[in-house]
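So this one's run.pdb, PDB, C-alpha atoms:
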```pdb
ATOM      1  CA  MET A 505     -49.746  32.996  48.278
ATOM      2  CA  ALA A 506     -50.635  29.832  50.218
ATOM      3  CA  SER A 507     -49.730  26.137  50.138
ATOM      4  CA  ILE A 508     -51.130  22.989  51.760
ATOM      5  CA  ASP A 509     -49.342  19.805  52.857
ATOM      6  CA  ILE A 510     -50.088  16.553  54.731
ATOM      7  CA  ARG A 511     -47.684  15.162  57.332
ATOM      8  CA  LEU A 512     -48.280  11.762  58.924
ATOM      9  CA  LYS A 513     -47.019  10.905  62.420
ATOM     10  CA  LYS A 514     -45.592   7.588  61.192
ATOM     11  CA  VAL A 515     -42.443   8.257  59.199
ATOM     12  CA  ASN A 516     -42.615   4.946  57.272
ATOM     13  CA  LYS A 517     -46.352   5.482  56.479
ATOM     14  CA  VAL A 518     -47.081   1.758  57.075
ATOM     15  CA  TYR A 519     -50.402   0.935  58.767
ATOM     16  CA  LYS A 520     -52.608  -2.061  59.523
ATOM     17  CA  GLU A 521     -56.380  -2.445  59.482
ATOM     18  CA  GLY A 522     -57.953  -1.082  62.686
ATOM     19  CA  GLU A 523     -55.134   1.387  63.340
ATOM     20  CA  VAL A 524     -55.598   5.154  63.298
ATOM     21  CA  VAL A 525     -53.906   7.319  60.673
ATOM     22  CA  ALA A 526     -52.870  10.446  62.549
ATOM     23  CA  GLY A 527     -51.120  13.558  61.316
ATOM     24  CA  VAL A 528     -51.507  17.240  60.543
ATOM     25  CA  VAL A 529     -52.675  19.311  57.599
ATOM     26  CA  VAL A 530     -50.136  22.132  57.242
ATOM     27  CA  VAL A 531     -51.156  25.422  55.630
ATOM     28  CA  ASN A 532     -48.468  28.009  54.880
ATOM     29  CA  SER A 533     -49.582  31.506  53.863
ATOM     30  CA  LYS A 534     -47.779  34.786  53.364
ATOM     31  CA  GLY A 535     -50.738  36.773  54.658
ATOM     32  CA  GLU A 536     -54.119  36.181  56.260
ATOM     33  CA  CYS A 537     -55.832  33.413  54.279
ATOM     34  CA  GLN A 538     -59.586  33.199  53.811
ATOM     35  CA  HIS A 539     -61.054  29.786  52.913
ATOM     36  CA  GLN A 540     -64.392  28.026  52.431
ATOM     37  CA  GLY A 541     -63.458  24.947  54.496
ATOM     38  CA  ILE A 542     -60.700  22.322  54.612
ATOM     39  CA  THR A 543     -61.623  18.669  53.985
ATOM     40  CA  LEU A 544     -59.702  15.419  54.182
ATOM     41  CA  THR A 545     -60.608  12.242  52.269
ATOM     42  CA  VAL A 546     -59.030   8.849  52.926
ATOM     43  CA  ASP A 547     -59.430   6.434  50.004
ATOM     44  CA  GLY A 548     -58.543   2.819  49.367
ATOM     45  CA  VAL A 549     -59.102   1.672  45.777
ATOM     46  CA  VAL A 550     -58.305  -1.329  43.583
ATOM     47  CA  ASN A 551     -57.874  -0.133  39.993
ATOM     48  CA  LEU A 552     -58.156  -2.832  37.330
ATOM     49  CA  GLN A 553     -57.060  -2.416  33.753
ATOM     50  CA  LEU A 554     -57.049  -4.615  30.658
ATOM     51  CA  SER A 555     -53.985  -5.053  28.511
ATOM     52  CA  ALA A 556     -54.146  -3.881  24.898
ATOM     53  CA  LYS A 557     -54.379  -7.475  23.612
ATOM     54  CA  SER A 558     -57.418  -8.202  25.833
ATOM     55  CA  VAL A 559     -59.527  -5.128  25.111
ATOM     56  CA  GLY A 560     -61.087  -6.387  21.865
ATOM     57  CA  VAL A 561     -61.525  -9.957  23.055
ATOM     58  CA  PHE A 562     -63.278  -9.030  26.290
ATOM     59  CA  GLU A 563     -65.346  -6.038  25.152
ATOM     60  CA  ALA A 564     -68.277  -7.493  27.128
ATOM     61  CA  PHE A 565     -66.707  -6.883  30.518
ATOM     62  CA  TYR A 566     -64.463  -3.979  29.568
ATOM     63  CA  ASN A 567     -67.035  -1.656  31.155
ATOM     64  CA  SER A 568     -67.485  -3.854  34.219
ATOM     65  CA  ILE A 569     -63.864  -3.438  35.331
ATOM     66  CA  ARG A 570     -64.620  -0.490  37.536
ATOM     67  CA  PRO A 571     -62.455   0.578  40.470
ATOM     68  CA  ILE A 572     -63.239  -1.382  43.655
ATOM     69  CA  GLN A 573     -63.604   0.964  46.637
ATOM     70  CA  LEU A 574     -62.209  -0.687  49.780
ATOM     71  CA  LEU A 575     -62.127   2.332  52.054
ATOM     72  CA  GLN A 576     -63.607   5.837  51.946
ATOM     73  CA  TYR A 577     -63.637   8.267  54.841
ATOM     74  CA  PRO A 578     -64.409  11.980  54.294
ATOM     75  CA  LEU A 579     -63.621  14.377  57.147
ATOM     76  CA  GLU A 580     -64.005  18.114  57.664
ATOM     77  CA  VAL A 581     -60.890  19.392  59.450
ATOM     78  CA  ALA A 582     -61.712  23.117  59.407
ATOM     79  CA  LYS A 583     -64.924  25.075  58.879
ATOM     80  CA  PRO A 584     -64.953  28.121  56.539
ATOM     81  CA  GLY A 585     -63.035  31.035  58.028
ATOM     82  CA  ARG A 586     -59.635  32.730  58.091
ATOM     83  CA  LEU A 587     -56.170  31.397  58.819
ATOM     84  CA  PRO A 588     -53.442  33.676  60.194
ATOM     85  CA  SER A 589     -50.284  34.547  58.284
ATOM     86  CA  GLY A 590     -47.487  31.955  58.552
ATOM     87  CA  LYS A 591     -47.758  28.235  59.324
ATOM     88  CA  THR A 592     -50.966  26.628  60.634
ATOM     89  CA  GLU A 593     -51.105  22.954  61.664
ATOM     90  CA  ILE A 594     -54.509  21.260  61.916
ATOM     91  CA  PRO A 595     -54.378  17.756  63.500
ATOM     92  CA  PHE A 596     -56.499  14.840  62.256
ATOM     93  CA  GLU A 597     -57.135  11.187  63.089
ATOM     94  CA  VAL A 598     -58.831   8.683  60.772
ATOM     95  CA  PRO A 599     -59.636   5.039  61.697
ATOM     96  CA  LEU A 600     -58.753   2.419  59.073
ATOM     97  CA  LYS A 601     -61.954   0.425  58.680
ATOM     98  CA  PRO A 602     -62.957  -1.141  55.353
ATOM     99  CA  LYS A 603     -66.350  -0.575  53.767
ATOM    100  CA  ALA A 604     -68.995  -3.223  54.554
ATOM    101  CA  GLY A 605     -68.149  -6.551  52.942
ATOM    102  CA  LYS A 606     -64.691  -5.387  51.808
ATOM    103  CA  THR A 607     -61.147  -6.275  52.906
ATOM    104  CA  LEU A 608     -58.149  -3.985  53.134
ATOM    105  CA  TYR A 609     -55.704  -5.753  50.798
ATOM    106  CA  GLU A 610     -52.012  -4.953  50.969
ATOM    107  CA  THR A 611     -50.679  -2.005  48.969
ATOM    108  CA  TYR A 612     -49.506  -3.192  45.558
ATOM    109  CA  HIS A 613     -48.400  -1.297  42.441
ATOM    110  CA  GLY A 614     -48.833  -3.530  39.405
ATOM    111  CA  VAL A 615     -49.442  -3.083  35.689
ATOM    112  CA  PHE A 616     -53.056  -4.277  35.410
ATOM    113  CA  VAL A 617     -53.926  -4.391  39.143
ATOM    114  CA  ASN A 618     -53.186  -1.457  41.439
ATOM    115  CA  ILE A 619     -54.103  -1.387  45.158
ATOM    116  CA  GLN A 620     -53.534   2.083  46.556
ATOM    117  CA  TYR A 621     -54.406   4.004  49.714
ATOM    118  CA  THR A 622     -54.296   7.803  49.700
ATOM    119  CA  ILE A 623     -55.122  10.822  51.851
ATOM    120  CA  ARG A 624     -56.258  13.935  49.997
ATOM    121  CA  ALA A 625     -56.516  17.356  51.637
ATOM    122  CA  GLU A 626     -58.450  20.116  49.906
ATOM    123  CA  MET A 627     -58.878  23.753  50.867
ATOM    124  CA  LYS A 628     -61.825  25.460  49.148
ATOM    125  CA  ARG A 629     -61.286  29.117  48.358
ATOM    126  CA  SER A 630     -63.240  31.998  46.867
ATOM    127  CA  LEU A 631     -63.858  32.250  43.110
ATOM    128  CA  LEU A 632     -60.798  34.415  42.471
ATOM    129  CA  ASN A 633     -58.389  31.977  44.118
ATOM    130  CA  LYS A 634     -57.640  28.443  43.012
ATOM    131  CA  ASP A 635     -58.563  25.621  45.437
ATOM    132  CA  LEU A 636     -55.510  24.058  47.096
ATOM    133  CA  GLN A 637     -55.020  20.273  47.018
ATOM    134  CA  LYS A 638     -52.424  17.834  48.288
ATOM    135  CA  GLN A 639     -52.376  14.033  48.126
ATOM    136  CA  CYS A 640     -50.102  11.524  49.836
ATOM    137  CA  GLU A 641     -50.007   7.741  49.779
ATOM    138  CA  PHE A 642     -49.768   5.459  52.791
ATOM    139  CA  ILE A 643     -49.126   1.717  52.863
ATOM    140  CA  ILE A 644     -51.355  -1.035  54.247
ATOM    141  CA  GLU A 645     -49.987  -4.400  55.436
ATOM    142  CA  TYR A 646     -51.908  -7.369  56.833
ATOM    143  CA  LYS A 647     -52.136  -7.339  60.622
ATOM    144  CA  SER A 648     -52.733 -11.008  61.455
ATOM    145  CA  GLN A 649     -52.249 -14.520  60.183
ATOM    146  CA  ALA A 650     -56.039 -14.894  59.979
ATOM    147  CA  GLN A 651     -56.044 -12.870  56.753
ATOM    148  CA  GLU A 652     -53.858 -15.321  54.834
ATOM    149  CA  GLU A 653     -52.154 -18.693  54.888
ATOM    150  CA  LYS A 654     -48.861 -18.871  56.776
ATOM    151  CA  ALA A 655     -45.698 -19.529  54.736
ATOM    152  CA  LYS A 656     -44.488 -23.109  55.191
ATOM    153  CA  PRO A 657     -41.140 -24.292  53.807
ATOM    154  CA  LYS A 658     -41.687 -26.203  50.545
ATOM    155  CA  PRO A 659     -38.281 -27.054  49.052
ATOM    156  CA  VAL A 660     -38.167 -27.431  45.264
ATOM    157  CA  ALA A 661     -35.463 -29.567  43.643
ATOM    158  CA  PHE A 662     -35.075 -29.186  39.879
ATOM    159  CA  THR A 663     -33.165 -30.586  36.933
ATOM    160  CA  ILE A 664     -33.121 -28.671  33.645
ATOM    161  CA  THR A 665     -32.140 -30.488  30.441
ATOM    162  CA  PRO A 666     -33.359 -30.131  26.820
ATOM    163  CA  GLU A 667     -35.799 -32.997  27.530
ATOM    164  CA  THR A 668     -37.440 -31.259  30.533
ATOM    165  CA  LEU A 669     -38.167 -27.989  28.686
ATOM    166  CA  ALA A 670     -41.870 -27.416  28.076
ATOM    167  CA  GLY A 671     -43.285 -25.724  24.989
ATOM    168  CA  VAL A 672     -40.168 -26.260  22.851
ATOM    169  CA  LYS A 673     -40.919 -27.802  19.449
ATOM    170  CA  ASP A 674     -37.446 -28.376  18.040
ATOM    171  CA  LYS A 675     -35.443 -29.845  20.908
ATOM    172  CA  GLN A 676     -32.843 -31.228  18.489
ATOM    173  CA  ASN A 677     -31.357 -27.755  17.975
ATOM    174  CA  ILE A 678     -30.861 -27.119  21.679
ATOM    175  CA  PRO A 679     -27.305 -27.887  22.823
ATOM    176  CA  LYS A 680     -26.961 -30.728  25.312
ATOM    177  CA  PHE A 681     -26.749 -29.398  28.865
ATOM    178  CA  LYS A 682     -27.749 -30.311  32.399
ATOM    179  CA  VAL A 683     -28.450 -27.994  35.329
ATOM    180  CA  LYS A 684     -29.411 -29.272  38.770
ATOM    181  CA  GLY A 685     -30.399 -27.179  41.744
ATOM    182  CA  LYS A 686     -32.907 -26.353  44.434
ATOM    183  CA  LEU A 687     -35.015 -23.498  45.768
ATOM    184  CA  GLU A 688     -35.192 -23.483  49.568
ATOM    185  CA  SER A 689     -38.967 -22.924  49.378
ATOM    186  CA  SER A 690     -41.708 -22.077  46.883
ATOM    187  CA  CYS A 691     -43.760 -20.583  49.724
ATOM    188  CA  ILE A 692     -41.953 -17.502  51.018
ATOM    189  CA  LYS A 693     -42.509 -14.559  53.349
ATOM    190  CA  VAL A 694     -42.587 -11.356  51.313
ATOM    191  CA  THR A 695     -40.069  -9.834  53.761
ATOM    192  CA  GLU A 696     -37.540 -12.646  53.237
ATOM    193  CA  PRO A 697     -35.397 -13.396  50.162
ATOM    194  CA  LEU A 698     -35.827 -16.222  47.674
ATOM    195  CA  LYS A 699     -32.816 -18.492  48.243
ATOM    196  CA  GLY A 700     -31.351 -21.565  46.605
ATOM    197  CA  GLU A 701     -28.532 -22.716  44.356
ATOM    198  CA  LEU A 702     -27.885 -24.284  40.976
ATOM    199  CA  VAL A 703     -25.040 -26.328  39.494
ATOM    200  CA  LEU A 704     -24.179 -26.518  35.790
ATOM    201  CA  GLU A 705     -23.086 -30.142  35.421
ATOM    202  CA  HIS A 706     -22.259 -30.018  31.713
ATOM    203  CA  CYS A 707     -22.968 -28.030  28.561
ATOM    204  CA  GLU A 708     -21.837 -28.557  24.955
ATOM    205  CA  VAL A 709     -21.489 -24.843  24.196
ATOM    206  CA  PRO A 710     -20.198 -21.845  26.178
ATOM    207  CA  ILE A 711     -22.728 -20.026  28.355
ATOM    208  CA  LYS A 712     -23.114 -16.254  28.255
ATOM    209  CA  SER A 713     -25.260 -15.658  31.350
ATOM    210  CA  ILE A 714     -27.619 -17.170  33.940
ATOM    211  CA  GLU A 715     -30.419 -14.964  35.278
ATOM    212  CA  ILE A 716     -33.247 -15.092  37.791
ATOM    213  CA  GLN A 717     -36.423 -13.334  36.718
ATOM    214  CA  LEU A 718     -39.313 -12.355  38.999
ATOM    215  CA  VAL A 719     -42.674 -12.243  37.203
ATOM    216  CA  ARG A 720     -46.118 -11.082  38.337
ATOM    217  CA  VAL A 721     -49.174 -12.788  36.860
ATOM    218  CA  GLU A 722     -52.197 -10.491  37.074
ATOM    219  CA  THR A 723     -55.702 -11.707  36.270
ATOM    220  CA  CYS A 724     -58.692  -9.373  35.847
ATOM    221  CA  GLY A 725     -62.232 -10.302  34.940
ATOM    222  CA  CYS A 726     -65.711 -11.449  35.898
ATOM    223  CA  ALA A 727     -68.276 -14.051  34.844
ATOM    224  CA  GLU A 728     -67.846 -13.251  31.116
ATOM    225  CA  GLY A 729     -64.170 -14.189  31.129
ATOM    226  CA  TYR A 730     -60.746 -13.466  32.490
ATOM    227  CA  ALA A 731     -57.713 -11.676  31.086
ATOM    228  CA  LYS A 732     -54.399 -12.999  32.399
ATOM    229  CA  ASP A 733     -51.113 -11.169  31.820
ATOM    230  CA  ALA A 734     -47.565 -11.880  32.995
ATOM    231  CA  THR A 735     -45.038  -9.046  33.274
ATOM    232  CA  GLU A 736     -41.466  -8.907  34.539
ATOM    233  CA  ILE A 737     -40.780  -7.153  37.862
ATOM    234  CA  GLN A 738     -37.019  -7.579  38.082
ATOM    235  CA  ASN A 739     -34.155  -9.525  36.532
ATOM    236  CA  ILE A 740     -30.994 -10.468  38.455
ATOM    237  CA  GLN A 741     -27.902 -11.905  36.791
ATOM    238  CA  ILE A 742     -26.424 -14.613  39.034
ATOM    239  CA  ALA A 743     -23.648 -15.769  36.689
ATOM    240  CA  GLU A 744     -21.812 -14.170  33.777
ATOM    241  CA  GLY A 745     -19.638 -15.845  31.163
ATOM    242  CA  ASP A 746     -19.007 -19.549  30.740
ATOM    243  CA  VAL A 747     -19.895 -20.849  34.190
ATOM    244  CA  CYS A 748     -17.530 -23.299  35.920
ATOM    245  CA  ARG A 749     -18.937 -26.809  35.751
ATOM    246  CA  ASN A 750     -20.054 -28.487  39.008
ATOM    247  CA  LEU A 751     -19.698 -25.269  40.991
ATOM    248  CA  PRO A 752     -22.725 -24.267  43.127
ATOM    249  CA  VAL A 753     -24.042 -20.845  42.065
ATOM    250  CA  PRO A 754     -26.123 -19.174  44.820
ATOM    251  CA  ILE A 755     -29.642 -17.906  44.089
ATOM    252  CA  TYR A 756     -30.652 -14.874  46.169
ATOM    253  CA  MET A 757     -33.446 -12.436  45.387
ATOM    254  CA  ILE A 758     -35.077  -9.783  47.600
ATOM    255  CA  PHE A 759     -38.700  -8.932  46.776
ATOM    256  CA  PRO A 760     -39.256  -5.210  46.000
ATOM    257  CA  ARG A 761     -41.819  -3.754  48.429
ATOM    258  CA  LEU A 762     -44.410  -1.972  46.298
ATOM    259  CA  PHE A 763     -44.203  -4.271  43.253
ATOM    260  CA  THR A 764     -44.879  -7.437  45.248
ATOM    261  CA  CYS A 765     -47.491  -8.344  47.865
ATOM    262  CA  PRO A 766     -48.834 -11.552  49.417
ATOM    263  CA  THR A 767     -50.369 -13.770  46.713
ATOM    264  CA  LEU A 768     -53.968 -12.630  46.294
ATOM    265  CA  SER A 769     -57.045 -14.259  44.798
ATOM    266  CA  THR A 770     -60.516 -12.631  44.743
ATOM    267  CA  ASN A 771     -63.636 -12.895  42.561
ATOM    268  CA  ASN A 772     -62.574 -10.013  40.303
ATOM    269  CA  PHE A 773     -58.794 -10.200  40.252
ATOM    270  CA  LYS A 774     -55.731 -12.238  41.182
ATOM    271  CA  VAL A 775     -52.113 -11.329  41.823
ATOM    272  CA  GLU A 776     -49.697 -14.271  41.609
ATOM    273  CA  PHE A 777     -45.942 -14.587  41.237
ATOM    274  CA  GLU A 778     -43.468 -16.811  39.391
ATOM    275  CA  VAL A 779     -39.707 -17.147  39.161
ATOM    276  CA  ASN A 780     -37.902 -17.968  35.912
ATOM    277  CA  ILE A 781     -34.395 -19.369  35.700
ATOM    278  CA  VAL A 782     -33.011 -18.186  32.354
ATOM    279  CA  ILE A 783     -29.896 -19.721  30.779
ATOM    280  CA  ILE A 784     -28.480 -17.700  27.860
ATOM    281  CA  PHE A 785     -26.053 -19.459  25.496
ATOM    282  CA  HIS A 786     -23.127 -17.731  23.735
ATOM    283  CA  ASP A 787     -25.191 -17.254  20.537
ATOM    284  CA  ASP A 788     -27.914 -15.418  22.542
ATOM    285  CA  HIS A 789     -30.358 -18.331  22.364
ATOM    286  CA  LEU A 790     -31.937 -18.933  25.747
ATOM    287  CA  VAL A 791     -33.909 -21.538  27.686
ATOM    288  CA  THR A 792     -36.248 -20.802  30.587
ATOM    289  CA  GLU A 793     -37.571 -22.904  33.460
ATOM    290  CA  ASN A 794     -40.605 -21.571  35.325
ATOM    291  CA  PHE A 795     -41.436 -21.983  39.050
ATOM    292  CA  PRO A 796     -44.721 -20.687  40.537
ATOM    293  CA  ILE A 797     -44.149 -19.252  44.036
ATOM    294  CA  LYS A 798     -46.512 -18.187  46.800
ATOM    295  CA  LEU A 799     -45.817 -15.076  48.838
ATOM    296  CA  SER A 800     -47.282 -14.353  52.273
ATOM    297  CA  ARG A 801     -46.828 -11.792  55.063
ATOM    298  CA  PHE A 802     -46.464 -14.314  57.932
TER     299      PHE A 802
END
```
Will you turn the file into structure tokens for me?
Amino acid sequence: MASIDIRLKKVNKVYKEGEVVAGVVVVNSKGECQHQGITLTVDGVVNLQLSAKSVGVFEAFYNSIRPIQLLQYPLEVAKPGRLPSGKTEIPFEVPLKPKAGKTLYETYHGVFVNIQYTIRAEMKRSLLNKDLQKQCEFIIEYKSQAQEEKAKPKPVAFTITPETLAGVKDKQNIPKFKVKGKLESSCIKVTEPLKGELVLEHCEVPIKSIEIQLVRVETCGCAEGYAKDATEIQNIQIAEGDVCRNLPVPIYMIFPRLFTCPTLSTNNFKVEFEVNIVIIFHDDHLVTENFPIKLSRF
């Protein structure tokens, strides 16, 4: 009986390009353990995927959406031999350098775009014993302002009325209402919250709820075309019931770490973000106002 594990020196597992990932491969065995070598592979990959609605339309580049390898570093940590009974720790160090012509983008877990960095340890064994494997993820963040544009405050004032709503055909059926407010900035550090406020000045009918919705817009593609899909990340209710008129309602939203990253645009994919303010009336009809936002690390 034997098991393998990876332990990184950094507890939070957050690294920057150029740093060294250091840790130990831990092998636990209940007796002397013979092996055919222990290897370590550090990988950084962008996985792209098409949504179901895009597959038929973009059959031409369906095959061209291959994983993009940003980082690959194989390492032999132990030559074939025997390990003693009990716990054995084998130290390792791996420099974080991207492959030629590539950039280490920030870790991001999306629906159609996934940027992930992993360390995989593997212990080869004889034919009668199963090889042992262990994988762990670590997180990459940008190290300098040179890699992206710095966040500058860009206040956004807004007024929402039936007349301002886009893409609504029958505006006559929408009850008369007016909401005014502001977002402190549409260009925000990913480590800071989205802040602002809104005021319901008047509304003909009772209101059931007001919500803030964070949306990711992921684009995948190449020269043949692009597939663009928007999906919800989180939804926060900021007011419930028939809101008091002319009372400022605060807007406050923290960005979840792995499901957001600095806004990213490359030749093969884009990751962008939007915020929706959703007003739900008592009969469950709703109106939505959309605000594109830009996220950055610095």
I need the residue set behind the PyMOL selection byres ((chain A and resi 745) around 6) for this file; please write it as a PyMOL selection string.
-> chain A and resi 711-713+744+746-747
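The spacing separating atom CA of Gln717 of chain A from atom CA of Pro760 of chain A amounts to 12.7 Å.
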Expand the PyMOL selection byres ((chain A and resi 590) around 8) into the individual residues it matches in the shown file, reporting them as a VMD selection string.
-> chain A and resid 532 to 535 588 to 589 591 to 592
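Take the candidates A:Leu768, A:Ala731, A:Leu512, A:Val791 and check each one against Lys680 of chain A using only C-alpha atoms; the shortest distance goes to A:Val791.
As for atom CA of Gly527 of chain A and atom CA of Leu575 of chain A, they are spaced 18.2 Å apart.
Of the listed residues A:Ser507, A:Thr764, A:Ser800, A:Thr622, the one whose atoms come nearest to Leu600 of chain A is A:Thr622, with distances taken using all atoms listed in the file.
Proximity ranking of A:Asn551, A:Asn739, A:Gln573, A:Asn633 relative to Asn618 of chain A places A:Asn551 first, based on only C-alpha atoms.
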Output of the PyMOL selection byres ((chain A and resi 530) around 9), listed as a PyMOL selection string | chain A and resi 507-511+528-529+531-532+591-595
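Minimum atom-to-atom distances from A:Phe662, A:Tyr609, A:Tyr577, A:Phe763 to Arg624 of chain A were compared using all atoms listed in the file, and the lowest value belongs to A:Tyr577.
Here atom CA of Lys675 of chain A and atom CA of Thr792 of chain A stand 13.3 Å from one another.
Omitting Asp547 of chain A and its sequence neighbours fewer than 4 positions away, and counting only C-alpha atoms, the residues within 12 Å are Pro571, Ile572, Gln573, Leu574, Leu575, Gln576, Tyr577, Pro578, Leu579, Val598, Pro599, Leu600, Lys601, Pro602, Lys603, Leu608, Ile619, Gln620, Tyr621, Thr622, Ile623, Arg624, Ala625, Gln639, Cys640, Glu641, Phe642, Ile643 and Ile644 of chain A.
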Quick one: write out the picked residues with C-alpha atoms as a short mmCIF file (atom, residue, chain, number, x, y, z; two decimals), in the frame of the given file?
```
data_model
loop_
_atom_site.label_atom_id
_atom_site.label_comp_id
_atom_site.auth_asym_id
_atom_site.auth_seq_id
_atom_site.Cartn_x
_atom_site.Cartn_y
_atom_site.Cartn_z
CA PRO A 571 -62.46 0.58 40.47
CA ILE A 572 -63.24 -1.38 43.66
CA GLN A 573 -63.60 0.96 46.64
CA LEU A 574 -62.21 -0.69 49.78
CA LEU A 575 -62.13 2.33 52.05
CA GLN A 576 -63.61 5.84 51.95
CA TYR A 577 -63.64 8.27 54.84
CA PRO A 578 -64.41 11.98 54.29
CA LEU A 579 -63.62 14.38 57.15
CA VAL A 598 -58.83 8.68 60.77
CA PRO A 599 -59.64 5.04 61.70
CA LEU A 600 -58.75 2.42 59.07
CA LYS A 601 -61.95 0.42 58.68
CA PRO A 602 -62.96 -1.14 55.35
CA LYS A 603 -66.35 -0.57 53.77
CA LEU A 608 -58.15 -3.98 53.13
CA ILE A 619 -54.10 -1.39 45.16
CA GLN A 620 -53.53 2.08 46.56
CA TYR A 621 -54.41 4.00 49.71
CA THR A 622 -54.30 7.80 49.70
CA ILE A 623 -55.12 10.82 51.85
CA ARG A 624 -56.26 13.94 50.00
CA ALA A 625 -56.52 17.36 51.64
CA GLN A 639 -52.38 14.03 48.13
CA CYS A 640 -50.10 11.52 49.84
CA GLU A 641 -50.01 7.74 49.78
CA PHE A 642 -49.77 5.46 52.79
CA ILE A 643 -49.13 1.72 52.86
CA ILE A 644 -51.36 -1.03 54.25
#
```
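If you measure from each of A:Lys798, A:Lys686, A:Lys606, A:His613 to Ile737 of chain A using only C-alpha atoms, the closest one turns out to be A:His613.
In terms of minimum interatomic distance to Asn780 of chain A, A:Leu687 ranks closest within A:Leu687, A:Val694, A:Pro710, A:Thr607, counting only C-alpha atoms.
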Would you kindly return, as a ChimeraX atom specification, each protein, DNA or RNA residue with an atom no farther than 8 Å from any atom of segment 699-701 of chain A, considering only C-alpha atoms and excluding same-chain residues fewer than 5 positions away?
-> /A:685-689,752-757
Got a sec to check which residues sit within 8 Å of (-50.7, -16.3, 48.0), counting only C-alpha atoms, and write them as an NGL selection string?
-> :A and (652-653 or 766-769 or 776 or 798-800)
Exercise: Asp635 of chain A partners within 12 Å, all atoms listed in the file, chain neighbours under 2 positions left out, as a PDB file with C-alpha atoms, in the frame of the given file:
```pdb
ATOM      1  CA  MET A 505     -49.746  32.996  48.278  1.00  0.00           C
ATOM      2  CA  ALA A 506     -50.635  29.832  50.218  1.00  0.00           C
ATOM      3  CA  SER A 507     -49.730  26.137  50.138  1.00  0.00           C
ATOM      4  CA  ILE A 508     -51.130  22.989  51.760  1.00  0.00           C
ATOM      5  CA  GLN A 538     -59.586  33.199  53.811  1.00  0.00           C
ATOM      6  CA  HIS A 539     -61.054  29.786  52.913  1.00  0.00           C
ATOM      7  CA  GLN A 540     -64.392  28.026  52.431  1.00  0.00           C
ATOM      8  CA  GLY A 541     -63.458  24.947  54.496  1.00  0.00           C
ATOM      9  CA  ILE A 542     -60.700  22.322  54.612  1.00  0.00           C
ATOM     10  CA  THR A 543     -61.623  18.669  53.985  1.00  0.00           C
ATOM     11  CA  ALA A 625     -56.516  17.356  51.637  1.00  0.00           C
ATOM     12  CA  GLU A 626     -58.450  20.116  49.906  1.00  0.00           C
ATOM     13  CA  MET A 627     -58.878  23.753  50.867  1.00  0.00           C
ATOM     14  CA  LYS A 628     -61.825  25.460  49.148  1.00  0.00           C
ATOM     15  CA  ARG A 629     -61.286  29.117  48.358  1.00  0.00           C
ATOM     16  CA  SER A 630     -63.240  31.998  46.867  1.00  0.00           C
ATOM     17  CA  LEU A 631     -63.858  32.250  43.110  1.00  0.00           C
ATOM     18  CA  LEU A 632     -60.798  34.415  42.471  1.00  0.00           C
ATOM     19  CA  ASN A 633     -58.389  31.977  44.118  1.00  0.00           C
ATOM     20  CA  GLN A 637     -55.020  20.273  47.018  1.00  0.00           C
ATOM     21  CA  LYS A 638     -52.424  17.834  48.288  1.00  0.00           C
TER      22      LYS A 638
END
```
Please rebuild segment 741-751 of chain A with N, CA and C atoms and return the result as an mmCIF file, in the frame of the given file.
```
data_model
loop_
_atom_site.group_PDB
_atom_site.id
_atom_site.type_symbol
_atom_site.label_atom_id
_atom_site.label_comp_id
_atom_site.auth_asym_id
_atom_site.auth_seq_id
_atom_site.Cartn_x
_atom_site.Cartn_y
_atom_site.Cartn_z
ATOM 1 N N GLN A 741 -28.892 -11.010 37.369
ATOM 2 C CA GLN A 741 -27.902 -11.905 36.791
ATOM 3 C C GLN A 741 -27.131 -12.578 37.929
ATOM 4 N N ILE A 742 -27.142 -13.913 37.958
ATOM 5 C CA ILE A 742 -26.424 -14.613 39.034
ATOM 6 C C ILE A 742 -25.109 -15.223 38.542
ATOM 7 N N ALA A 743 -24.921 -15.261 37.229
ATOM 8 C CA ALA A 743 -23.648 -15.769 36.689
ATOM 9 C C ALA A 743 -23.409 -15.145 35.325
ATOM 10 N N GLU A 744 -22.156 -14.775 35.067
ATOM 11 C CA GLU A 744 -21.812 -14.170 33.777
ATOM 12 C C GLU A 744 -20.654 -14.942 33.164
ATOM 13 N N GLY A 745 -20.713 -15.122 31.842
ATOM 14 C CA GLY A 745 -19.638 -15.845 31.163
ATOM 15 C C GLY A 745 -19.841 -17.348 31.272
ATOM 16 N N ASP A 746 -18.895 -18.088 30.774
ATOM 17 C CA ASP A 746 -19.007 -19.549 30.740
ATOM 18 C C ASP A 746 -18.799 -20.105 32.154
ATOM 19 N N VAL A 747 -19.895 -20.461 32.773
ATOM 20 C CA VAL A 747 -19.895 -20.849 34.190
ATOM 21 C C VAL A 747 -19.053 -22.103 34.419
ATOM 22 N N CYS A 748 -18.308 -22.103 35.532
ATOM 23 C CA CYS A 748 -17.530 -23.299 35.920
ATOM 24 C C CYS A 748 -18.481 -24.472 36.127
ATOM 25 N N ARG A 749 -18.103 -25.619 35.597
ATOM 26 C CA ARG A 749 -18.937 -26.809 35.751
ATOM 27 C C ARG A 749 -18.832 -27.328 37.195
ATOM 28 N N ASN A 750 -19.967 -27.871 37.669
ATOM 29 C CA ASN A 750 -20.054 -28.487 39.008
ATOM 30 C C ASN A 750 -19.708 -27.534 40.160
ATOM 31 N N LEU A 751 -19.921 -26.253 39.931
ATOM 32 C CA LEU A 751 -19.698 -25.269 40.991
ATOM 33 C C LEU A 751 -21.054 -24.684 41.398
#
```
